[in-house]
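Structure below is query-v3.cif: mmCIF, C-alpha atoms and all ligand atoms.
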data_my_file
#
loop_
_atom_site.group_PDB
_atom_site.id
_atom_site.type_symbol
_atom_site.label_atom_id
_atom_site.label_comp_id
_atom_site.auth_asym_id
_atom_site.auth_seq_id
_atom_site.Cartn_x
_atom_site.Cartn_y
_atom_site.Cartn_z
ATOM 1 C CA MET A 1 1.931 4.350 -60.862
ATOM 2 C CA PRO A 2 -1.721 3.306 -61.207
ATOM 3 C CA ILE A 3 -3.807 3.177 -58.048
ATOM 4 C CA PRO A 4 -4.397 -0.503 -57.210
ATOM 5 C CA ASN A 5 -7.736 -1.724 -58.525
ATOM 6 C CA THR A 6 -10.447 -1.367 -55.936
ATOM 7 C CA ASN A 7 -12.344 -4.415 -57.056
ATOM 8 C CA GLU A 8 -9.834 -7.227 -57.092
ATOM 9 C CA ALA A 9 -7.770 -8.712 -54.317
ATOM 10 C CA LEU A 10 -4.251 -7.575 -54.995
ATOM 11 C CA ASN A 11 -2.521 -10.783 -54.053
ATOM 12 C CA PRO A 12 -4.795 -13.614 -52.983
ATOM 13 C CA THR A 13 -1.950 -16.042 -52.272
ATOM 14 C CA ALA A 14 0.229 -13.790 -50.097
ATOM 15 C CA ASP A 15 -0.700 -14.567 -46.512
ATOM 16 C CA ALA A 16 2.454 -13.541 -44.627
ATOM 17 C CA THR A 17 3.753 -17.117 -44.407
ATOM 18 C CA GLY A 18 7.478 -16.934 -43.678
ATOM 19 C CA LEU A 19 7.264 -13.654 -41.819
ATOM 20 C CA ALA A 20 8.032 -15.447 -38.557
ATOM 21 C CA ASP A 21 11.499 -16.418 -39.820
ATOM 22 C CA LEU A 22 12.211 -12.871 -40.930
ATOM 23 C CA THR A 23 11.044 -11.544 -37.590
ATOM 24 C CA GLY A 24 13.666 -13.630 -35.775
ATOM 25 C CA GLN A 25 16.317 -11.942 -37.900
ATOM 26 C CA TRP A 26 14.716 -8.545 -37.326
ATOM 27 C CA LEU A 27 14.880 -9.056 -33.564
ATOM 28 C CA SER A 28 18.595 -9.810 -33.771
ATOM 29 C CA LEU A 29 19.194 -6.746 -35.951
ATOM 30 C CA ILE A 30 17.612 -4.398 -33.422
ATOM 31 C CA GLY A 31 19.813 -5.797 -30.663
ATOM 32 C CA GLU A 32 17.474 -8.329 -29.114
ATOM 33 C CA ASP A 33 18.003 -11.992 -28.304
ATOM 34 C CA PRO A 34 15.275 -13.885 -30.194
ATOM 35 C CA GLN A 35 15.856 -16.863 -27.876
ATOM 36 C CA ARG A 36 15.059 -15.087 -24.636
ATOM 37 C CA GLU A 37 11.915 -16.313 -22.977
ATOM 38 C CA GLY A 38 9.658 -13.338 -23.653
ATOM 39 C CA LEU A 39 10.464 -13.382 -27.359
ATOM 40 C CA ILE A 40 10.293 -17.089 -28.163
ATOM 41 C CA LYS A 41 6.783 -16.907 -29.570
ATOM 42 C CA THR A 42 7.039 -13.345 -30.890
ATOM 43 C CA PRO A 43 7.908 -14.231 -34.506
ATOM 44 C CA GLU A 44 4.808 -16.437 -34.739
ATOM 45 C CA ARG A 45 2.670 -13.734 -33.178
ATOM 46 C CA VAL A 46 4.016 -11.136 -35.579
ATOM 47 C CA GLU A 47 3.260 -13.337 -38.577
ATOM 48 C CA LYS A 48 -0.268 -13.900 -37.315
ATOM 49 C CA ALA A 49 -0.800 -10.201 -36.622
ATOM 50 C CA TRP A 50 0.407 -9.195 -40.088
ATOM 51 C CA ARG A 51 -1.759 -11.846 -41.707
ATOM 52 C CA PHE A 52 -4.707 -10.077 -40.114
ATOM 53 C CA LEU A 53 -3.497 -6.525 -40.791
ATOM 54 C CA THR A 54 -3.038 -7.273 -44.493
ATOM 55 C CA GLY A 55 -6.202 -9.317 -44.967
ATOM 56 C CA GLY A 56 -7.364 -6.721 -47.493
ATOM 57 C CA TYR A 57 -4.969 -8.128 -50.104
ATOM 58 C CA ARG A 58 -6.880 -11.380 -50.096
ATOM 59 C CA GLN A 59 -10.444 -10.133 -50.326
ATOM 60 C CA THR A 60 -12.488 -8.710 -53.166
ATOM 61 C CA LEU A 61 -15.118 -6.033 -53.024
ATOM 62 C CA ALA A 62 -17.689 -8.551 -54.270
ATOM 63 C CA GLU A 63 -16.937 -10.874 -51.336
ATOM 64 C CA VAL A 64 -17.208 -8.027 -48.882
ATOM 65 C CA ALA A 65 -20.512 -6.743 -50.270
ATOM 66 C CA GLY A 66 -22.046 -10.226 -50.342
ATOM 67 C CA ASP A 67 -25.755 -10.143 -51.145
ATOM 68 C CA ALA A 68 -26.362 -6.805 -49.465
ATOM 69 C CA VAL A 69 -26.992 -4.644 -52.532
ATOM 70 C CA PHE A 70 -30.739 -4.042 -52.561
ATOM 71 C CA GLN A 71 -33.047 -2.424 -55.082
ATOM 72 C CA ALA A 72 -34.696 0.656 -53.618
ATOM 73 C CA GLU A 73 -36.409 3.846 -54.614
ATOM 74 C CA GLY A 74 -35.484 7.141 -53.052
ATOM 75 C CA SER A 75 -32.998 9.884 -53.433
ATOM 76 C CA GLU A 76 -32.320 10.960 -49.860
ATOM 77 C CA MET A 77 -28.827 11.117 -48.470
ATOM 78 C CA VAL A 78 -27.560 8.193 -46.369
ATOM 79 C CA VAL A 79 -24.643 8.880 -44.027
ATOM 80 C CA VAL A 80 -22.728 6.268 -42.031
ATOM 81 C CA LYS A 81 -20.229 8.007 -39.829
ATOM 82 C CA ASP A 82 -17.605 7.379 -37.170
ATOM 83 C CA ILE A 83 -16.467 4.070 -38.645
ATOM 84 C CA GLU A 84 -13.174 3.487 -36.902
ATOM 85 C CA PHE A 85 -10.332 2.248 -39.055
ATOM 86 C CA TYR A 86 -6.794 1.022 -38.435
ATOM 87 C CA SER A 87 -4.295 0.920 -41.273
ATOM 88 C CA MET A 88 -0.530 0.861 -41.822
ATOM 89 C CA CYS A 89 1.281 3.628 -43.659
ATOM 90 C CA GLU A 90 3.195 2.442 -46.666
ATOM 91 C CA HIS A 91 6.187 4.662 -45.939
ATOM 92 C CA HIS A 92 7.093 3.438 -42.468
ATOM 93 C CA MET A 93 4.793 0.450 -41.941
ATOM 94 C CA LEU A 94 3.559 2.116 -38.769
ATOM 95 C CA PRO A 95 -0.126 2.438 -37.884
ATOM 96 C CA PHE A 96 -2.437 5.252 -38.747
ATOM 97 C CA TYR A 97 -5.960 5.176 -37.454
ATOM 98 C CA GLY A 98 -9.060 7.270 -37.111
ATOM 99 C CA ARG A 99 -12.627 7.535 -38.326
ATOM 100 C CA ALA A 100 -14.269 7.253 -41.703
ATOM 101 C CA HIS A 101 -17.519 8.983 -42.685
ATOM 102 C CA ILE A 102 -19.333 7.787 -45.790
ATOM 103 C CA GLY A 103 -22.351 9.355 -47.460
ATOM 104 C CA TYR A 104 -24.207 8.606 -50.666
ATOM 105 C CA ILE A 105 -27.372 9.465 -52.509
ATOM 106 C CA PRO A 106 -28.853 6.293 -54.007
ATOM 107 C CA GLY A 107 -29.661 5.841 -57.643
ATOM 108 C CA ASN A 108 -31.869 2.782 -57.481
ATOM 109 C CA GLN A 109 -29.721 0.636 -55.186
ATOM 110 C CA ILE A 110 -28.827 0.771 -51.519
ATOM 111 C CA LEU A 111 -26.207 -1.153 -49.534
ATOM 112 C CA GLY A 112 -26.504 -2.981 -46.206
ATOM 113 C CA LEU A 113 -25.205 -0.554 -43.593
ATOM 114 C CA SER A 114 -22.588 -2.861 -42.078
ATOM 115 C CA LYS A 115 -20.945 -3.169 -45.485
ATOM 116 C CA PHE A 116 -19.631 0.389 -45.310
ATOM 117 C CA ALA A 117 -17.490 -0.664 -42.356
ATOM 118 C CA ARG A 118 -16.443 -3.830 -44.201
ATOM 119 C CA ILE A 119 -15.445 -1.819 -47.276
ATOM 120 C CA THR A 120 -13.421 0.514 -45.060
ATOM 121 C CA ASP A 121 -11.605 -2.458 -43.495
ATOM 122 C CA LEU A 122 -11.014 -4.071 -46.893
ATOM 123 C CA TYR A 123 -8.858 -1.151 -48.005
ATOM 124 C CA ALA A 124 -7.491 -0.231 -44.553
ATOM 125 C CA ARG A 125 -5.966 -3.712 -44.204
ATOM 126 C CA ARG A 126 -3.358 -3.002 -46.842
ATOM 127 C CA LEU A 127 -0.329 -0.721 -46.802
ATOM 128 C CA GLN A 128 -1.819 2.669 -47.490
ATOM 129 C CA VAL A 129 -1.624 6.400 -47.660
ATOM 130 C CA GLN A 130 -4.696 8.064 -46.237
ATOM 131 C CA GLU A 131 -5.538 9.793 -49.529
ATOM 132 C CA ARG A 132 -5.671 6.516 -51.468
ATOM 133 C CA LEU A 133 -7.651 4.767 -48.735
ATOM 134 C CA THR A 134 -10.219 7.570 -48.978
ATOM 135 C CA THR A 135 -10.435 7.382 -52.761
ATOM 136 C CA GLN A 136 -10.697 3.606 -52.825
ATOM 137 C CA ILE A 137 -13.635 3.616 -50.419
ATOM 138 C CA ALA A 138 -15.433 6.200 -52.581
ATOM 139 C CA GLU A 139 -14.739 4.266 -55.778
ATOM 140 C CA ALA A 140 -15.922 1.021 -54.220
ATOM 141 C CA VAL A 141 -19.271 2.554 -53.255
ATOM 142 C CA GLN A 142 -19.544 4.097 -56.701
ATOM 143 C CA GLU A 143 -18.798 0.777 -58.379
ATOM 144 C CA LEU A 144 -21.213 -1.240 -56.226
ATOM 145 C CA LEU A 145 -24.214 1.090 -56.270
ATOM 146 C CA GLN A 146 -23.867 3.561 -59.136
ATOM 147 C CA PRO A 147 -25.375 6.186 -56.841
ATOM 148 C CA GLN A 148 -26.084 9.812 -57.685
ATOM 149 C CA GLY A 149 -23.113 10.744 -55.565
ATOM 150 C CA VAL A 150 -20.649 9.512 -52.939
ATOM 151 C CA ALA A 151 -18.735 11.386 -50.255
ATOM 152 C CA VAL A 152 -15.991 9.990 -48.041
ATOM 153 C CA VAL A 153 -14.133 11.879 -45.323
ATOM 154 C CA LEU A 154 -11.380 10.299 -43.223
ATOM 155 C CA GLU A 155 -9.799 11.753 -40.119
ATOM 156 C CA GLY A 156 -6.521 10.066 -39.250
ATOM 157 C CA ILE A 157 -3.696 10.094 -36.728
ATOM 158 C CA HIS A 158 -0.367 8.865 -38.074
ATOM 159 C CA LEU A 159 1.963 7.243 -35.554
ATOM 160 C CA CYS A 160 4.878 7.854 -37.909
ATOM 161 C CA MET A 161 4.318 11.551 -37.213
ATOM 162 C CA ALA A 162 3.677 11.117 -33.493
ATOM 163 C CA MET A 163 6.189 8.614 -32.100
ATOM 164 C CA ARG A 164 9.064 9.368 -34.495
ATOM 165 C CA GLY A 165 9.926 11.861 -37.239
ATOM 166 C CA VAL A 166 8.397 15.270 -36.470
ATOM 167 C CA GLN A 167 6.910 13.895 -33.221
ATOM 168 C CA LYS A 168 3.650 15.840 -33.337
ATOM 169 C CA GLN A 169 1.132 14.075 -31.102
ATOM 170 C CA ASN A 170 -1.839 16.340 -31.709
ATOM 171 C CA SER A 171 -1.865 16.614 -35.460
ATOM 172 C CA THR A 172 -4.718 14.997 -37.360
ATOM 173 C CA THR A 173 -5.143 14.663 -41.115
ATOM 174 C CA THR A 174 -8.466 15.032 -42.915
ATOM 175 C CA THR A 175 -8.899 13.700 -46.442
ATOM 176 C CA SER A 176 -11.974 13.624 -48.644
ATOM 177 C CA ALA A 177 -13.218 12.154 -51.898
ATOM 178 C CA MET A 178 -16.371 13.593 -53.463
ATOM 179 C CA ARG A 179 -18.117 12.088 -56.465
ATOM 180 C CA GLY A 180 -21.271 12.966 -58.441
ATOM 181 C CA THR A 181 -23.662 15.382 -56.735
ATOM 182 C CA PHE A 182 -21.343 15.811 -53.757
ATOM 183 C CA LYS A 183 -18.767 17.236 -56.110
ATOM 184 C CA SER A 184 -21.074 19.291 -58.311
ATOM 185 C CA ASP A 185 -23.547 20.618 -55.739
ATOM 186 C CA GLN A 186 -22.268 22.730 -52.895
ATOM 187 C CA ARG A 187 -25.490 22.340 -50.850
ATOM 188 C CA THR A 188 -25.339 18.549 -50.973
ATOM 189 C CA ARG A 189 -21.750 18.663 -49.829
ATOM 190 C CA ALA A 190 -22.641 21.100 -47.035
ATOM 191 C CA GLU A 191 -25.467 18.826 -45.841
ATOM 192 C CA PHE A 192 -23.025 15.922 -45.652
ATOM 193 C CA MET A 193 -20.375 17.947 -43.824
ATOM 194 C CA SER A 194 -23.003 19.101 -41.341
ATOM 195 C CA ALA A 195 -24.248 15.511 -40.826
ATOM 196 C CA ILE A 196 -20.780 14.199 -40.001
ATOM 197 C CA GLN A 197 -20.138 17.011 -37.544
ATOM 198 C CA THR A 198 -23.347 16.494 -35.574
ATOM 199 C CA ARG A 199 -23.113 14.095 -32.662
ATOM 200 C CA LEU A 200 -26.066 11.985 -31.472
ATOM 201 C CA GLY A 201 -28.124 13.979 -28.992
ATOM 202 C CA GLN A 202 -26.908 17.274 -30.428
ATOM 203 C CA ARG A 203 -28.675 19.530 -32.865
HETATM 204 N N1 LIG B 301 0.442 12.129 -48.075
HETATM 205 C C1 LIG B 301 0.666 11.220 -47.112
HETATM 206 N N2 LIG B 301 1.865 11.177 -46.520
HETATM 207 C C2 LIG B 301 2.054 10.280 -45.533
HETATM 208 C C3 LIG B 301 1.074 9.393 -45.118
HETATM 209 N N3 LIG B 301 1.589 8.637 -44.114
HETATM 210 C C4 LIG B 301 2.851 9.069 -43.933
HETATM 211 N N4 LIG B 301 3.148 10.068 -44.784
HETATM 212 C C5 LIG B 301 4.353 10.883 -44.999
HETATM 213 O O1 LIG B 301 5.233 10.285 -45.891
HETATM 214 C C6 LIG B 301 6.416 11.073 -45.873
HETATM 215 C C7 LIG B 301 7.656 10.253 -46.168
HETATM 216 O O2 LIG B 301 8.684 11.213 -46.234
HETATM 217 P P1 LIG B 301 10.244 10.884 -46.305
HETATM 218 O O3 LIG B 301 11.004 12.174 -46.194
HETATM 219 O O4 LIG B 301 10.504 10.020 -47.480
HETATM 220 O O5 LIG B 301 10.440 9.967 -45.034
HETATM 221 P P2 LIG B 301 11.042 10.357 -43.609
HETATM 222 O O6 LIG B 301 12.456 10.835 -43.734
HETATM 223 O O7 LIG B 301 10.820 9.182 -42.724
HETATM 224 O O8 LIG B 301 10.115 11.599 -43.212
HETATM 225 P P3 LIG B 301 9.739 12.162 -41.777
HETATM 226 O O9 LIG B 301 8.472 11.448 -41.359
HETATM 227 O O10 LIG B 301 9.481 13.622 -42.035
HETATM 228 O O11 LIG B 301 10.862 11.915 -40.834
HETATM 229 C C8 LIG B 301 6.406 11.771 -44.527
HETATM 230 O O12 LIG B 301 6.215 13.147 -44.765
HETATM 231 C C9 LIG B 301 5.187 11.167 -43.812
HETATM 232 O O13 LIG B 301 4.575 12.090 -42.915
HETATM 233 C C10 LIG B 301 -0.192 9.454 -45.778
HETATM 234 O O14 LIG B 301 -1.130 8.703 -45.483
HETATM 235 N N5 LIG B 301 -0.343 10.379 -46.754
HETATM 236 ZN ZN ZN B 302 4.452 6.833 -42.213
#
Could you write out this structure as structure tokens?
Amino acid sequence: MPIPNTNEALNPTADATGLADLTGQWLSLIGEDPQREGLIKTPERVEKAWRFLTGGYRQTLAEVAGDAVFQAEGSEMVVVKDIEFYSMCEHHMLPFYGRAHIGYIPGNQILGLSKFARITDLYARRLQVQERLTTQIAEAVQELLQPQGVAVVLEGIHLCMAMRGVQKQNSTTTTSAMRGTFKSDQRTRAEFMSAIQTRLGQR
């Protein structure tokens, strides 16, 4: 199966309309009474929540980047780290969440800093596996900027592993995608790994 294109919205017309009806049925199937007071508005809320959580199907990378690709000289590493993300695993449709760290070495273009968080959200707000989310962020930065290299590291906690299944609450998963100089040059990669491990105020 090909990895979904990073650049195009996967399904611009799917906006979760109708999910409220299905949710009523779902509530009955799990043994609830959809008519009881506390649940009357739940189907609507669920539809609205899922519309938000899957907003990434209806956005393109170009929309997310806007006009924030700037011409610039310089070949020093830029690192934006600790970008929190929330996504839903495609196997169980349960949340996984954590932090994304993105680094790149510009060619002759740089990107507005906030856009790294927007790119992360674009792909996180789809059903995902952490590996693909990581790769898609790296490929998006590559596509937008044609930099000398891109590095993306994600640290995630999967609720499908914590609250069900193997029930391991303390396990975290780290995934990475390295492109260009981050892949070919061990020192560049080491500088990035060191940058994402250093906290503000620490040396
Ligand atoms: N590689 C990868 N696996 C994931 C991710 N999210 C969830 N999974 C795993 O997907 C797998 C699905 O395995 P299955 O055996 O088909 O499903 P299951 O019976 O519900 O598995 P258990 O979670 O072990 O109970 C599980 O091992 C999950 O831990 C992810 O982001 N990346
Ligand atoms: Zn899962």
Check what the PyMOL selection byres (((chain A and resi 63) around 12) and not hetatm) selects in the file above and give those residues as a PyMOL selection string. chain A and resi 7-9+56+58-62+64-69+115+118-119+122+144
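Near ligand LIG 301 (chain B), the residues found within 7 Å are Cys89, Glu90, His91, His92, Gln128, Val129, Gln130, Glu131, His158, Cys160, Met161, Gly165 and Val166 of chain A (criterion computed using only C-alpha atoms and all ligand atoms).
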Write a file of the just-selected residues containing C-alpha atoms, as a tab-separated table (two decimals), keeping the file's coordinate frame.
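Just written: selection_12.tsv:
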chain	number	residue	atom	x	y	z
A	89	CYS	CA	1.28	3.63	-43.66
A	90	GLU	CA	3.20	2.44	-46.67
A	91	HIS	CA	6.19	4.66	-45.94
A	92	HIS	CA	7.09	3.44	-42.47
A	128	GLN	CA	-1.82	2.67	-47.49
A	129	VAL	CA	-1.62	6.40	-47.66
A	130	GLN	CA	-4.70	8.06	-46.24
A	131	GLU	CA	-5.54	9.79	-49.53
A	158	HIS	CA	-0.37	8.86	-38.07
A	160	CYS	CA	4.88	7.85	-37.91
A	161	MET	CA	4.32	11.55	-37.21
A	165	GLY	CA	9.93	11.86	-37.24
A	166	VAL	CA	8.40	15.27	-36.47
For CA of Asn170 (chain A) and CA of Glu155 (chain A), quote the distance in Å rounded to one decimal. 12.5 Å
Check what the PyMOL selection byres (((chain A and resi 80) around 12) and not hetatm) selects in the file above and give those residues as a PyMOL selection string. chain A and resi 77-79+81-84+99-105+111-117+120+150-153+192+195-197
Within 8 Å of Thr181 (chain A), counting all atoms listed in the file, which residues qualify if same-chain residues fewer than 6 places away don't, as a list in words? Gln148, Gly149, Val150, Thr188 and Arg189 of chain A
Limited to C-alpha atoms, could you put the picked residues into a file as a JSON list (two decimals), keeping the file's coordinate frame?
[["chain", "number", "residue", "atom", "x", "y", "z"],
["A", 148, "GLN", "CA", -26.08, 9.81, -57.68],
["A", 149, "GLY", "CA", -23.11, 10.74, -55.56],
["A", 150, "VAL", "CA", -20.65, 9.51, -52.94],
["A", 188, "THR", "CA", -25.34, 18.55, -50.97],
["A", 189, "ARG", "CA", -21.75, 18.66, -49.83]]
Residue among A:Gly156, A:Gly180, A:Pro34, A:Pro43 lying closest to ligand ZN 302 (chain B), counting all atoms listed in the file: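 Result for the nearest residue to ligand ZN 302 (chain B): A:Gly156.
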Restricting the calculation to all atoms listed in the file, which member of A:Leu94, A:Met178, A:Leu133, A:Val141 is positioned closest to ligand ZN 302 (chain B)? A:Leu94
Excluding Asp15 (chain A) and residues on its chain fewer than 2 positions from it, collect all residues at most 8 Å away from it, counting all atoms listed in the file, and give them as a PyMOL selection string. chain A and resi 12-13+17+51+54-55+58
If I take CA of Ile157 (chain A) and CA of Leu53 (chain A), how far is one from the other in Å, to one decimal?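 Computing it gives 17.1 Å between the two atoms.
Between CA of Ala124 (chain A) and CA of Leu159 (chain A) there is a distance of 15.0 Å.
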Would you mind listing what lies within 7 Å of Asn108 (chain A) as a list in words, with only C-alpha atoms counted and same-chain residues fewer than 6 positions away left out?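 Answer for this query is Gln71, Ala72 and Glu73 of chain A.
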What would the selection look like, as a ChimeraX atom specification, if the PyMOL selection byres (((chain A and resi 22-24) around 10) and not hetatm) were run on the coordinates I just shared? /A:18-21,25-29,32-35,39-47
Give the answer as one residue: which of A:Phe52, A:Phe85, A:Phe70, A:Phe96 has the shortest atom-to-atom distance to ligand ZN 302 (chain B), using all atoms listed in the file? A:Phe96
Minimum-distance residue to ligand ZN 302 (chain B), chosen among A:Arg179, A:Thr198, A:Leu127, A:Ser171 (using all atoms listed in the file):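 For ligand ZN 302 (chain B), the nearest of the candidates is A:Leu127.
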Pick the closest to ligand ZN 302 (chain B) from A:Met88, A:Gln146, A:Thr174, A:Arg187: which is it, counting all atoms listed in the file? A:Met88
Restricting the calculation to only C-alpha atoms and all ligand atoms, which member of A:Ala16, A:Ala177, A:Met93, A:Met193 is positioned closest to ligand ZN 302 (chain B)?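 So, comparing all the options, the nearest one is A:Met93.
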